[in-house]
Structure formats: C-alpha cells, structure tokens
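Printed here is input_5.cif (mmCIF, C-alpha atoms):
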```cif
data_final
#
loop_
_atom_site.label_atom_id
_atom_site.label_comp_id
_atom_site.auth_asym_id
_atom_site.auth_seq_id
_atom_site.Cartn_x
_atom_site.Cartn_y
_atom_site.Cartn_z
CA MET A 280 -0.96 -57.73 -65.05
CA LYS A 281 -1.88 -60.48 -67.47
CA PRO A 282 -2.85 -64.08 -66.74
CA ALA A 283 -0.49 -66.95 -67.52
CA PRO A 284 -1.57 -69.07 -70.52
CA PHE A 285 -4.46 -71.50 -70.15
CA ASP A 286 -6.91 -73.41 -72.33
CA TYR A 287 -10.49 -72.21 -72.20
CA ILE A 288 -13.62 -74.30 -72.70
CA ARG A 289 -17.08 -72.82 -72.69
CA VAL A 290 -19.61 -75.47 -71.72
CA ASP A 291 -23.34 -75.54 -72.48
CA SER A 292 -24.42 -77.70 -69.56
CA ALA A 293 -23.50 -78.85 -66.05
CA ASP A 294 -22.85 -82.36 -67.41
CA GLU A 295 -20.12 -81.06 -69.70
CA ALA A 296 -18.53 -79.13 -66.85
CA ILE A 297 -18.37 -82.08 -64.46
CA ALA A 298 -17.05 -84.38 -67.20
CA LEU A 299 -14.17 -81.93 -67.68
CA LEU A 300 -13.63 -81.67 -63.91
CA ALA A 301 -13.42 -85.46 -63.73
CA GLU A 302 -10.74 -85.41 -66.43
CA TYR A 303 -8.66 -82.40 -65.31
CA GLY A 304 -9.27 -82.22 -61.52
CA ASP A 305 -7.01 -79.69 -59.82
CA ASP A 306 -5.60 -78.49 -63.15
CA ALA A 307 -8.97 -76.92 -64.00
CA ARG A 308 -10.81 -74.00 -62.46
CA ILE A 309 -14.48 -73.16 -62.90
CA LEU A 310 -15.05 -69.68 -64.32
CA ALA A 311 -18.52 -68.20 -63.79
CA GLY A 312 -18.53 -64.42 -63.25
CA GLY A 313 -14.78 -64.24 -62.72
CA GLN A 314 -14.95 -61.48 -60.11
CA SER A 315 -12.91 -63.50 -57.61
CA LEU A 316 -10.98 -65.71 -60.04
CA MET A 317 -9.90 -63.14 -62.63
CA PRO A 318 -7.98 -60.88 -60.19
CA ILE A 319 -6.12 -63.98 -58.95
CA LEU A 320 -5.33 -65.00 -62.54
CA ASN A 321 -4.23 -61.46 -63.45
CA MET A 322 -1.87 -61.45 -60.47
CA ARG A 323 -0.79 -64.99 -61.36
CA LEU A 324 -1.57 -66.23 -57.87
CA ALA A 325 -3.34 -69.08 -59.68
CA GLN A 326 -2.14 -70.60 -62.95
CA PRO A 327 -4.62 -73.30 -63.93
CA ARG A 328 -4.16 -75.32 -67.12
CA LEU A 329 -7.82 -75.07 -68.04
CA LEU A 330 -10.68 -72.68 -67.39
CA ILE A 331 -14.18 -74.12 -67.65
CA ASP A 332 -16.60 -71.26 -68.36
CA ILE A 333 -20.06 -72.15 -67.06
CA GLY A 334 -21.49 -68.68 -67.76
CA ARG A 335 -23.67 -69.95 -70.60
CA ALA A 336 -24.68 -73.32 -69.14
CA ALA A 337 -28.46 -73.04 -69.32
CA ASP A 338 -29.14 -75.55 -66.55
CA LEU A 339 -27.04 -73.70 -63.96
CA GLY A 340 -28.81 -70.35 -64.19
CA GLY A 341 -31.89 -71.09 -62.08
CA VAL A 342 -33.25 -69.49 -58.92
CA LEU A 343 -36.01 -71.37 -57.17
CA ILE A 344 -37.74 -71.90 -53.87
CA ASP A 345 -37.58 -75.55 -52.84
CA ASP A 346 -38.41 -77.26 -49.56
CA GLY A 347 -38.11 -74.09 -47.48
CA ASP A 348 -34.86 -73.04 -49.12
CA PHE A 349 -33.94 -70.27 -51.53
CA CYS A 350 -31.79 -72.10 -54.10
CA VAL A 351 -29.34 -70.28 -56.32
CA GLY A 352 -27.70 -71.96 -59.33
CA ALA A 353 -24.00 -71.76 -60.14
CA SER A 354 -24.14 -69.09 -62.85
CA VAL A 355 -26.65 -66.74 -61.17
CA THR A 356 -25.21 -63.28 -60.57
CA GLN A 357 -25.39 -61.37 -57.31
CA ALA A 358 -27.23 -58.56 -59.15
CA THR A 359 -29.98 -60.99 -60.24
CA ILE A 360 -30.66 -61.85 -56.61
CA GLU A 361 -30.34 -58.26 -55.43
CA GLN A 362 -33.00 -57.12 -57.91
CA ARG A 363 -35.65 -59.60 -56.69
CA ALA A 364 -38.61 -57.58 -55.48
CA ARG A 365 -39.31 -59.90 -52.53
CA LEU A 366 -35.75 -60.67 -51.41
CA ALA A 367 -36.14 -58.80 -48.10
CA GLN A 368 -39.09 -61.10 -47.26
CA GLU A 369 -37.48 -64.27 -48.65
CA VAL A 370 -33.95 -64.08 -47.25
CA PRO A 371 -33.59 -60.78 -45.34
CA LEU A 372 -29.89 -61.35 -44.60
CA LEU A 373 -29.13 -61.42 -48.32
CA ALA A 374 -31.05 -58.19 -48.87
CA TRP A 375 -29.12 -56.44 -46.06
CA SER A 376 -25.69 -57.81 -46.97
CA LEU A 377 -25.61 -57.65 -50.78
CA PRO A 378 -25.17 -53.85 -50.94
CA HIS A 379 -21.89 -54.33 -49.00
CA LEU A 380 -20.62 -56.97 -51.42
CA GLY A 381 -18.15 -55.35 -53.80
CA HIS A 382 -19.68 -52.74 -56.08
CA PHE A 383 -22.61 -52.35 -58.47
CA GLN A 384 -20.26 -53.17 -61.36
CA THR A 385 -18.83 -56.35 -59.80
CA ARG A 386 -22.21 -57.62 -58.52
CA ASN A 387 -23.45 -57.34 -62.11
CA ARG A 388 -21.09 -60.12 -63.06
CA GLY A 389 -20.06 -61.92 -59.86
CA THR A 390 -22.03 -65.02 -58.93
CA VAL A 391 -23.43 -66.13 -55.58
CA CYS A 392 -21.97 -69.63 -55.89
CA GLY A 393 -18.63 -68.22 -57.03
CA SER A 394 -18.26 -66.16 -53.87
CA VAL A 395 -19.16 -69.20 -51.78
CA ALA A 396 -16.73 -71.46 -53.67
CA HIS A 397 -13.95 -68.87 -53.34
CA ALA A 398 -14.37 -68.87 -49.52
CA ASP A 399 -12.69 -65.62 -48.58
CA PRO A 400 -12.94 -65.46 -44.77
CA SER A 401 -14.24 -61.88 -44.83
CA ALA A 402 -16.75 -62.34 -47.66
CA GLU A 403 -20.41 -61.58 -46.91
CA LEU A 404 -22.16 -64.48 -48.68
CA PRO A 405 -20.27 -67.30 -46.91
CA LEU A 406 -21.03 -65.54 -43.61
CA CYS A 407 -24.78 -65.26 -44.33
CA LEU A 408 -24.94 -68.85 -45.54
CA THR A 409 -23.25 -70.12 -42.38
CA ALA A 410 -25.28 -67.91 -40.02
CA LEU A 411 -28.51 -69.20 -41.58
CA GLY A 412 -27.40 -72.83 -41.44
CA GLY A 413 -27.56 -73.11 -45.24
CA GLU A 414 -26.14 -75.80 -47.48
CA VAL A 415 -23.93 -76.24 -50.53
CA VAL A 416 -24.83 -78.79 -53.20
CA LEU A 417 -21.77 -80.35 -54.83
CA ARG A 418 -21.93 -82.44 -57.95
CA SER A 419 -19.36 -84.68 -59.61
CA SER A 420 -19.79 -87.26 -62.35
CA ALA A 421 -20.12 -89.91 -59.63
CA ARG A 422 -22.55 -88.29 -57.23
CA ARG A 423 -24.38 -85.28 -55.88
CA ARG A 424 -23.96 -84.44 -52.19
CA THR A 425 -25.18 -81.72 -49.87
CA VAL A 426 -22.79 -80.24 -47.32
CA ALA A 427 -23.76 -77.94 -44.42
CA ALA A 428 -22.16 -74.50 -44.78
CA ASP A 429 -20.36 -74.89 -41.47
CA ASP A 430 -18.64 -78.03 -42.79
CA PHE A 431 -18.08 -76.62 -46.27
CA PHE A 432 -15.92 -73.67 -45.19
CA GLN A 433 -12.68 -75.11 -43.81
CA GLY A 434 -10.27 -72.19 -43.84
CA THR A 435 -8.95 -69.31 -45.92
CA LEU A 436 -9.90 -70.07 -49.54
CA THR A 437 -10.29 -73.70 -48.50
CA THR A 438 -13.50 -75.71 -48.70
CA ALA A 439 -14.79 -79.28 -48.59
CA ARG A 440 -15.14 -79.29 -52.37
CA GLU A 441 -13.18 -82.08 -54.04
CA SER A 442 -11.35 -81.34 -57.26
CA SER A 443 -13.89 -83.29 -59.32
CA GLU A 444 -16.86 -81.39 -57.85
CA LEU A 445 -18.82 -78.40 -59.08
CA VAL A 446 -20.62 -76.09 -56.65
CA GLU A 447 -23.97 -76.62 -58.34
CA THR A 448 -26.39 -74.84 -56.02
CA VAL A 449 -26.32 -72.90 -52.77
CA ARG A 450 -29.35 -73.23 -50.48
CA PHE A 451 -30.30 -70.37 -48.14
CA PRO A 452 -33.10 -71.21 -45.65
CA LEU A 453 -36.10 -68.91 -46.15
CA ALA A 454 -37.07 -66.42 -43.45
CA ARG A 455 -39.07 -67.96 -40.62
CA GLU A 456 -42.02 -66.44 -38.80
CA GLY A 457 -41.09 -64.63 -35.59
CA VAL A 458 -37.36 -64.59 -36.35
CA ARG A 459 -35.42 -61.36 -36.85
CA TYR A 460 -32.36 -60.98 -39.02
CA GLY A 461 -29.64 -58.35 -38.95
CA PHE A 462 -26.38 -57.57 -40.73
CA THR A 463 -23.65 -55.02 -40.17
CA GLU A 464 -20.03 -54.59 -41.12
CA VAL A 465 -17.06 -52.27 -40.92
CA ALA A 466 -14.77 -51.91 -43.94
CA MET A 467 -12.10 -49.37 -44.88
CA ARG A 468 -14.19 -48.22 -47.85
CA HIS A 469 -17.68 -49.12 -48.97
CA GLY A 470 -17.48 -52.33 -50.99
CA ASP A 471 -14.14 -53.47 -49.60
CA PHE A 472 -13.81 -56.78 -47.85
CA ALA A 473 -15.00 -56.42 -44.28
CA ILE A 474 -12.65 -55.95 -41.34
CA VAL A 475 -15.47 -57.42 -39.26
CA ALA A 476 -18.88 -58.49 -40.59
CA LEU A 477 -21.70 -59.73 -38.38
CA ALA A 478 -24.89 -61.59 -39.27
CA ALA A 479 -27.41 -62.18 -36.49
CA VAL A 480 -30.49 -64.41 -36.35
CA VAL A 481 -32.66 -63.84 -33.29
CA SER A 482 -35.64 -66.06 -32.48
CA ARG A 483 -37.80 -66.17 -29.33
CA SER A 484 -35.48 -68.69 -27.72
CA GLU A 485 -32.02 -68.12 -29.12
CA ILE A 486 -29.44 -65.79 -30.63
CA ARG A 487 -27.22 -66.95 -33.48
CA LEU A 488 -24.33 -64.66 -34.27
CA GLY A 489 -22.12 -65.23 -37.31
CA VAL A 490 -18.77 -63.44 -37.51
CA GLY A 491 -16.78 -62.91 -40.70
CA GLY A 492 -13.39 -61.29 -41.25
CA VAL A 493 -11.84 -62.40 -37.97
CA ALA A 494 -11.18 -66.16 -38.00
CA ASP A 495 -10.06 -68.04 -41.12
CA ARG A 496 -13.69 -68.84 -41.94
CA PRO A 497 -17.15 -67.63 -40.90
CA ARG A 498 -17.84 -68.70 -37.32
CA VAL A 499 -21.26 -69.00 -35.70
CA GLN A 500 -22.04 -68.85 -31.98
CA VAL A 501 -25.43 -69.79 -30.54
CA TRP A 502 -26.68 -68.45 -27.20
CA PRO A 503 -29.99 -68.40 -25.36
CA ARG A 504 -31.66 -64.98 -25.23
CA LEU A 505 -28.91 -63.23 -23.26
CA ALA A 506 -29.12 -59.56 -22.30
CA GLY A 507 -27.22 -56.92 -20.33
CA GLU A 508 -23.97 -58.01 -18.72
CA ASP A 509 -24.51 -61.64 -19.69
CA LEU A 510 -24.53 -60.61 -23.33
CA ASP A 511 -21.43 -58.43 -22.80
CA ASP A 512 -19.58 -61.37 -21.26
CA ALA A 513 -20.64 -63.77 -24.01
CA LEU A 514 -19.54 -61.35 -26.73
CA ASN A 515 -16.22 -60.76 -24.98
CA ARG A 516 -15.58 -64.52 -24.77
CA LEU A 517 -16.47 -64.91 -28.44
CA ALA A 518 -14.21 -61.98 -29.42
CA TRP A 519 -11.25 -63.69 -27.73
CA ASP A 520 -12.14 -67.20 -28.94
CA LEU A 521 -11.97 -66.11 -32.60
CA GLU A 522 -8.20 -65.59 -32.19
CA ALA A 523 -8.03 -62.45 -34.26
CA ARG A 524 -4.69 -61.48 -35.75
CA ASP A 525 -3.10 -58.19 -36.73
CA ASP A 526 -2.87 -57.54 -40.44
CA GLN A 527 -2.42 -54.55 -42.72
CA HIS A 528 -6.10 -53.60 -42.41
CA ALA A 529 -6.65 -53.70 -38.65
CA THR A 530 -5.21 -54.88 -35.37
CA ALA A 531 -6.53 -57.90 -33.48
CA LYS A 532 -7.52 -55.58 -30.66
CA TYR A 533 -9.66 -53.47 -32.98
CA ARG A 534 -11.35 -56.56 -34.36
CA ARG A 535 -12.22 -57.75 -30.82
CA HIS A 536 -13.57 -54.30 -30.10
CA LEU A 537 -15.77 -54.44 -33.21
CA VAL A 538 -17.12 -57.89 -32.36
CA ARG A 539 -18.11 -56.64 -28.88
CA THR A 540 -19.59 -53.26 -29.78
CA LEU A 541 -21.18 -54.02 -33.15
CA GLY A 542 -22.39 -57.37 -31.81
CA LYS A 543 -24.12 -55.74 -28.86
CA ARG A 544 -25.69 -53.03 -30.99
CA LEU A 545 -26.91 -55.52 -33.57
CA ILE A 546 -28.31 -58.07 -31.12
CA GLU A 547 -29.95 -55.53 -28.82
CA GLY A 548 -31.60 -53.87 -31.80
CA LEU A 549 -33.06 -57.18 -32.96
CA CYS A 550 -34.12 -58.26 -29.44
CA GLU A 551 -35.96 -54.98 -28.89
CA VAL A 552 -38.20 -55.38 -31.92
CA SER A 553 -38.84 -59.09 -31.35
CA ARG A 554 -39.78 -58.76 -27.67
CA MET B 121 -19.04 -76.90 -75.89
CA LYS B 122 -16.43 -74.65 -77.46
CA ARG B 123 -12.71 -74.97 -76.90
CA PHE B 124 -9.93 -72.39 -77.31
CA ASP B 125 -6.38 -73.69 -76.80
CA HIS B 126 -3.56 -71.64 -75.33
CA GLY B 127 -0.74 -70.41 -77.55
CA THR B 128 -3.07 -70.00 -80.54
CA ARG B 129 -4.81 -66.85 -81.67
CA HIS B 130 -8.50 -67.45 -82.24
CA ARG B 131 -10.85 -65.28 -84.21
CA ILE B 132 -13.80 -64.04 -82.21
CA THR B 133 -16.69 -61.83 -83.22
CA LEU B 134 -18.74 -59.49 -81.11
CA THR B 135 -20.91 -56.42 -81.59
CA LEU B 136 -19.11 -53.22 -80.62
CA ASN B 137 -21.33 -50.14 -80.35
CA GLY B 138 -23.82 -51.66 -82.78
CA ARG B 139 -21.32 -52.94 -85.37
CA MET B 140 -20.16 -56.51 -85.84
CA CYS B 141 -16.40 -56.66 -85.27
CA SER B 142 -13.85 -59.48 -85.34
CA GLY B 143 -10.38 -59.75 -83.91
CA TYR B 144 -7.82 -62.30 -82.83
CA CYS B 145 -7.02 -63.30 -79.28
CA GLU B 146 -5.44 -65.98 -77.14
CA PRO B 147 -7.76 -67.39 -74.45
CA ARG B 148 -5.91 -65.41 -71.78
CA MET B 149 -6.41 -62.03 -73.45
CA LEU B 150 -8.45 -59.64 -71.29
CA LEU B 151 -11.44 -57.97 -72.89
CA SER B 152 -9.92 -54.58 -72.03
CA ASP B 153 -6.81 -55.38 -74.10
CA PHE B 154 -8.87 -56.92 -76.91
CA LEU B 155 -11.07 -53.83 -77.22
CA ARG B 156 -8.06 -51.48 -77.22
CA GLN B 157 -5.51 -53.42 -79.24
CA GLU B 158 -7.61 -55.47 -81.65
CA LEU B 159 -10.67 -53.26 -82.12
CA GLY B 160 -9.12 -49.84 -81.46
CA ALA B 161 -11.58 -48.83 -78.75
CA THR B 162 -8.99 -46.93 -76.73
CA GLY B 163 -11.68 -45.17 -74.71
CA VAL B 164 -11.56 -48.31 -72.58
CA HIS B 165 -8.94 -47.23 -70.05
CA VAL B 166 -6.75 -49.69 -68.22
CA GLY B 167 -5.88 -48.79 -64.64
CA CYS B 168 -5.45 -51.42 -61.96
CA GLU B 169 -6.28 -54.59 -63.90
CA HIS B 170 -7.81 -56.26 -60.90
CA GLY B 171 -11.27 -54.79 -60.78
CA VAL B 172 -10.76 -52.02 -58.25
CA CYS B 173 -10.40 -48.72 -60.14
CA GLY B 174 -13.31 -49.02 -62.59
CA ALA B 175 -11.59 -47.23 -65.50
CA CYS B 176 -12.17 -50.18 -67.87
CA THR B 177 -15.91 -50.51 -67.17
CA VAL B 178 -17.90 -51.31 -70.32
CA ARG B 179 -21.45 -52.53 -70.91
CA ILE B 180 -21.91 -56.13 -72.02
CA ASP B 181 -25.47 -56.81 -73.16
CA GLY B 182 -26.28 -53.51 -71.49
CA VAL B 183 -24.80 -54.41 -68.10
CA ALA B 184 -21.88 -52.41 -66.71
CA GLN B 185 -18.91 -54.58 -65.80
CA ARG B 186 -15.14 -54.67 -65.65
CA ALA B 187 -13.44 -55.39 -68.97
CA CYS B 188 -10.25 -56.30 -67.06
CA LEU B 189 -12.09 -59.07 -65.18
CA THR B 190 -13.58 -60.45 -68.37
CA LEU B 191 -11.76 -62.54 -70.96
CA ALA B 192 -12.21 -61.54 -74.57
CA VAL B 193 -13.44 -65.08 -75.35
CA MET B 194 -16.19 -64.68 -72.71
CA ALA B 195 -17.60 -61.76 -74.68
CA GLU B 196 -17.83 -63.69 -77.97
CA GLY B 197 -21.18 -63.02 -79.60
CA ARG B 198 -22.13 -60.43 -77.00
CA GLU B 199 -23.10 -56.83 -77.49
CA VAL B 200 -20.39 -54.58 -76.06
CA GLN B 201 -20.80 -50.84 -75.56
CA THR B 202 -17.91 -48.47 -74.86
CA VAL B 203 -17.67 -44.71 -74.51
CA GLU B 204 -17.01 -44.46 -78.26
CA GLY B 205 -20.66 -45.35 -78.86
CA MET B 206 -22.14 -42.67 -76.64
CA ALA B 207 -22.05 -39.50 -78.74
CA ALA B 208 -24.06 -39.35 -81.97
CA ALA B 209 -22.18 -39.87 -85.25
CA GLU B 210 -21.88 -36.15 -85.97
CA GLY B 211 -20.39 -35.60 -82.51
CA THR B 212 -23.37 -34.41 -80.49
CA LEU B 213 -22.73 -35.44 -76.91
CA SER B 214 -25.20 -37.70 -75.13
CA ASP B 215 -27.14 -36.14 -72.27
CA LEU B 216 -24.80 -37.75 -69.72
CA GLN B 217 -21.66 -36.54 -71.48
CA ALA B 218 -23.07 -33.02 -71.80
CA ALA B 219 -23.99 -32.98 -68.10
CA PHE B 220 -20.47 -34.13 -67.18
CA ARG B 221 -19.05 -31.21 -69.16
CA ARG B 222 -21.45 -28.67 -67.65
CA ASN B 223 -20.77 -29.82 -64.10
CA HIS B 224 -16.99 -30.12 -64.28
CA ALA B 225 -17.39 -33.83 -63.60
CA LEU B 226 -13.98 -34.56 -65.06
CA GLN B 227 -10.53 -33.09 -65.04
CA CYS B 228 -7.89 -35.47 -66.39
CA GLY B 229 -10.62 -37.71 -67.81
CA PHE B 230 -8.95 -41.05 -67.16
CA CYS B 231 -11.78 -42.46 -65.05
CA THR B 232 -14.57 -40.80 -67.06
CA PRO B 233 -15.35 -43.43 -69.75
CA GLY B 234 -15.89 -46.09 -67.11
CA ILE B 235 -18.06 -43.85 -64.98
CA LEU B 236 -20.19 -42.91 -68.00
CA MET B 237 -20.75 -46.59 -68.78
CA SER B 238 -21.78 -47.35 -65.18
CA ALA B 239 -24.03 -44.31 -64.97
CA ALA B 240 -25.75 -45.15 -68.26
CA ASP B 241 -26.56 -48.69 -67.09
CA TYR B 242 -27.52 -47.57 -63.60
CA LEU B 243 -29.95 -44.88 -64.76
CA SER B 244 -31.60 -47.36 -67.11
CA ARG B 245 -32.42 -49.52 -64.08
CA VAL B 246 -32.82 -46.86 -61.39
CA PRO B 247 -34.18 -43.85 -63.30
CA GLU B 248 -34.60 -41.55 -60.30
CA PRO B 249 -31.86 -42.37 -57.78
CA THR B 250 -31.13 -40.50 -54.57
CA GLU B 251 -27.75 -38.88 -54.04
CA ALA B 252 -26.85 -41.71 -51.65
CA GLN B 253 -27.67 -44.28 -54.33
CA VAL B 254 -25.53 -42.48 -56.91
CA ARG B 255 -22.64 -42.34 -54.46
CA GLU B 256 -23.04 -46.04 -53.72
CA MET B 257 -22.90 -46.82 -57.45
CA LEU B 258 -19.83 -44.57 -57.78
CA SER B 259 -18.01 -46.48 -55.04
CA GLY B 260 -16.93 -48.81 -57.85
CA HIS B 261 -14.90 -46.05 -59.49
CA LEU B 262 -11.81 -44.16 -58.41
CA CYS B 263 -11.50 -40.51 -59.45
CA ARG B 264 -8.50 -38.61 -58.06
CA CYS B 265 -9.31 -35.21 -59.61
CA THR B 266 -12.87 -34.17 -58.90
CA GLY B 267 -13.74 -35.26 -55.38
CA TYR B 268 -16.86 -36.77 -57.02
CA THR B 269 -19.09 -33.76 -56.27
CA GLY B 270 -19.42 -32.75 -59.91
CA ILE B 271 -19.95 -36.35 -61.01
CA VAL B 272 -22.79 -36.86 -58.54
CA ARG B 273 -24.35 -33.55 -59.60
CA ALA B 274 -24.14 -34.43 -63.31
CA ILE B 275 -25.78 -37.83 -62.87
CA LEU B 276 -28.58 -36.45 -60.70
CA GLU B 277 -29.13 -33.67 -63.20
CA VAL B 278 -29.57 -36.14 -66.06
CA ALA B 279 -31.97 -38.22 -63.98
CA GLY B 280 -34.00 -35.08 -63.32
CA GLU B 281 -33.96 -34.02 -66.98
CA ARG B 282 -35.11 -37.44 -68.16
CA ALA B 283 -37.89 -37.55 -65.57
CA ALA B 284 -39.08 -34.13 -66.73
CA ARG B 285 -39.03 -35.15 -70.40
CA PRO B 286 -40.12 -38.80 -70.47
CA TRP B 287 -41.20 -38.45 -74.13
CA ALA B 288 -37.59 -37.79 -75.21
CA GLY B 289 -37.32 -41.52 -75.77
CA GLY B 290 -33.98 -43.22 -76.14
CA VAL B 291 -32.45 -40.72 -78.58
CA SER B 292 -29.35 -39.80 -76.64
CA ARG B 293 -29.55 -42.44 -73.98
CA VAL B 294 -26.80 -44.85 -74.93
#
```
Go through the file and emit its structure as structure tokens.
Amino acid sequence: MKPAPFDYIRVDSADEAIALLAEYGDDARILAGGQSLMPILNMRLAQPRLLIDIGRAADLGGVLIDDGDFCVGASVTQATIEQRARLAQEVPLLAWSLPHLGHFQTRNRGTVCGSVAHADPSAELPLCLTALGGEVVLRSSARRRTVAADDFFQGTLTTARESSELVETVRFPLAREGVRYGFTEVAMRHGDFAIVALAAVVSRSEIRLGVGGVADRPRVQVWPRLAGEDLDDALNRLAWDLEARDDQHATAKYRRHLVRTLGKRLIEGLCEVSR
Amino acid sequence: MKRFDHGTRHRITLTLNGRMCSGYCEPRMLLSDFLRQELGATGVHVGCEHGVCGACTVRIDGVAQRACLTLAVMAEGREVQTVEGMAAAEGTLSDLQAAFRRNHALQCGFCTPGILMSAADYLSRVPEPTEAQVREMLSGHLCRCTGYTGIVRAILEVAGERAARPWAGGVSRV
C-alpha cells in the first residue's frame, strides 16, 4: 500500500501553515505525527494534493498550564504527555486513558491534537476532552476561535474545523478538588480502538459520563448523584439513546450491555471513594 | 519552509546507524521503502503498511516508531537506527540480540528487527520494567511464531543484566 502522489511542504511556524491552508483549503491536509493520517494515505482513502508537515514548527510544540487548563500544542506527541511526572494530578483522565491509546510505538509519534482533529468516534482523547468539557483552539489567517469539545465533534471523522483552520491547541481542564475521575474501556486487543470506552467525572453533586465507540461521536450525559436502581435505569436509558449499531467488531446489544455494566462499575467505584 | 513537489525525485540526507547517507525519493515515498530500496537497510521489514504489525519499527532520534507511517522526507536530517546498527562491526551481538538467541525469542525472524528496536528504546526509558509493562510495550508488535513468552523473557533478562552491571556503560546498548 503506497500513498497517491502529493506535494509536501515542511513549515517552520504556525503562520506558514495557516497561510498554506488559506491558499489550498480542502486540497491540503496537516501532517503532524501521521499516526492517523498515514494509514489513510497508504490505503488511499484520502488523496490530498498537499501535505503540510508541522512536525518541526517550533511554536506549535508547547505544553503549558493556562487559566486552569492543560494546553497542548499541535505538534506535541502523546508520549510527551504520558511521560509527565505529574499528569495523574494534572489531568487524571489523560493518565488513565493514554495507555489504551494505540501502542508505545504509535504514541511516540502520534500527537494529541492530531487524534482530536481526526475525530474517530471510538478514540480515547476526543472522549476525555468532551467528558471534561474541554476546548479546541482553531486558528486561520483571519482569526483564532475557541470551540467547546461538544460542539467541535460533529460525527464520524467530522468536526467544526473549517478548511482554512489549524487545530492549534487543545485545552483540557485541570483536575478540581473533590472531583473523582475514572476511565475504562473494552477493546478486542490492547491498543485497538475501543468497542466501548467510558470516561466518568464524579463531583459531590453530579455525575458526568462520557461514552465513546457507540454513537458517531463522544456523547456526555450528566446526572445528579444517582445510585442503586435509579442509576441502573439512567444507564439503561443512555445505552438505548446512543443508538448503537452492529458492526464487524460487536453487536449493538453487546455495546448496550457494556454501557450498562461498565458504567455502573465505574460510577459506583468513584462514588464510593468520594462519599 | 521547505517544499518537495510530487513527480520529482528529491535528494535527502539522514544519518543511518551513525553514518551520513543520501538517497532519492518522491514526497510520497515511505521511510520503510526508502531505507530498504535507497539505503539497502533490508532489516527494516515491511508487513502491513498501516502501522499495525510493527515489523518496520525503527528508531528516529532514538525513539521507536513505525517507518511505514513516516515519510522519507519527514526523516530528513534525523538520526535513524535500524537493526543493522545493533551488532558491533566485527559481528558481536548486542546484549538484546544475544538474549533473544538464548531465549528462543524468534523463529522465522520476520518481526524480530522491529521488536529489537522497540525494546532498545523502551529499556533506555524504563530500565527495570515489570513483565506486564514489557507485554504492554509488545502489544505494538505481531509475532506469529513464538507466543511471545521467549521475547518477554529475553527483554526481562537484559533489564536484569543491565541493572546488575550498571558500570557496563553503553557499549552494547544500541
């Protein structure tokens, strides 16, 4: 499998990248780590005219804490984040979910923003970003805008990004006092895309449950602190509302079962320790 | 900004196993093909070509990654290590290679170069891993011969040897 022909431009800055996006629009694709894009190119599912490699753009490689958010620049790899000593204190959901994301060898190269921009409905990072109520910063030559994760992800491989925009930064809210975070998933093999992935955020007053792998994008449900049969009923309603479908990996029925059982286990575990 | 147009072969230079090497490639040429066809590093094995099997794993600036998910032009100016660089010039195996042989960690050998590259990078960052950690790292490689048992044993053995002899330095630790 070899990619179809394309031109390749390696840029040194974000400004150069967005100038090229303004010129080429949909004919261009941003290449950062390539761990989502390259398989698609090799299989010729995408045949862009131009690849814009931002891997060496110095101003896109930053990680910083700003205004209560953990901000990750466009060319930062998943491994860079995973290796942070304090990640489990900063953004616990990232620390729990990153080991499930592909493999050691793909996290070494794959970027956080790239996974978000790719928007696979069963990917872990879009799920965590949505469950936490995070944001995506988009930049074009005309403007910079910030979009809530829930609005950014619109469907399978479909986002609110316009063709002239670069996903410049992704903002994950930092862990808050008194809030517990949990992540779990079921996949055919370790590192595969999840059949069902769940990210839960439990505070004293509410439960937020994000579900990936079932609907065409990560979906988040917010409940008060339910327990027992009330929680069972709420999870059952959610499992049906997601409108799961059969595919080659799992049946819709199995996915509903996973949402109910894994959801209950995850939420009850978090509620117990935060009581 | 540097531009490479399609349909034209461009000369690119990188460091392969410590030596500066040049070759020609179109922008769409995968690093795996460039290393094999232009530079003759046929220890880089090509399996699935979409990042799943791990056979083409090489180290770029020390970091293990898929050569089939990397364009040759992306590696311009980088330091690339392949299995060819592991043994010493006179043929003495590195400690990892020797442990693989001792532990029957390979049979057909197709997946082995990639696994060696991953293990070398991984042990440089996690010098004393648990068996579970080694297995997690190995999840990025498919081996259909060994059942992985020998591979896990070989990697753990090397970690143990290095921990017991920290003064051995980097002699055979490519």
Leaving out region 316-318 of chain A and any residue of its chain fewer than 3 positions from it, which residues lie within 6 Å of it when counting only C-alpha atoms, given as a PyMOL selection string?
-> (chain A and resi 313+321) or (chain B and resi 170+189)
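The interface of chain A with chain B at 8 Å, considering all atoms listed in the file, consists of Met280, Lys281, Pro282, Ala283, Pro284, Phe285, Asp286, Tyr287, Ile288, Arg289, Val290, Asp291, Glu295, Gly313, Gln314, Met317, Pro318, Asn321, Met322, Asp332, Gly381, His382, Phe383, Gln384, Thr385, Asn387, Arg388, His469 and Gly470 of chain A.
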What does the PyMOL selection byres ((chain B and resi 200) around 7) select in this file, as a ChimeraX atom specification?
-> /B:135-137,179-181,198-199,201-202
Take the residues from that selection and put them in a file with C-alpha atoms, as a PDB file, keeping the file's coordinate frame.
```pdb
ATOM      1  CA  THR B 135     -20.910 -56.420 -81.590  1.00  0.00           C
ATOM      2  CA  LEU B 136     -19.110 -53.220 -80.620  1.00  0.00           C
ATOM      3  CA  ASN B 137     -21.330 -50.140 -80.350  1.00  0.00           C
ATOM      4  CA  ARG B 179     -21.450 -52.530 -70.910  1.00  0.00           C
ATOM      5  CA  ILE B 180     -21.910 -56.130 -72.020  1.00  0.00           C
ATOM      6  CA  ASP B 181     -25.470 -56.810 -73.160  1.00  0.00           C
ATOM      7  CA  ARG B 198     -22.130 -60.430 -77.000  1.00  0.00           C
ATOM      8  CA  GLU B 199     -23.100 -56.830 -77.490  1.00  0.00           C
ATOM      9  CA  GLN B 201     -20.800 -50.840 -75.560  1.00  0.00           C
ATOM     10  CA  THR B 202     -17.910 -48.470 -74.860  1.00  0.00           C
TER      11      THR B 202
END
```
Exactly which residues make up the result of the PyMOL selection byres ((chain A and resi 445) around 8) on this file, given as a PyMOL selection string?
-> chain A and resi 296-297+300+309+417-419+440+443-444+446-447
For Thr390 (chain A), the closest of A:Thr463, A:Gln326, A:Ser292, A:Thr356 counting all atoms listed in the file is A:Thr356
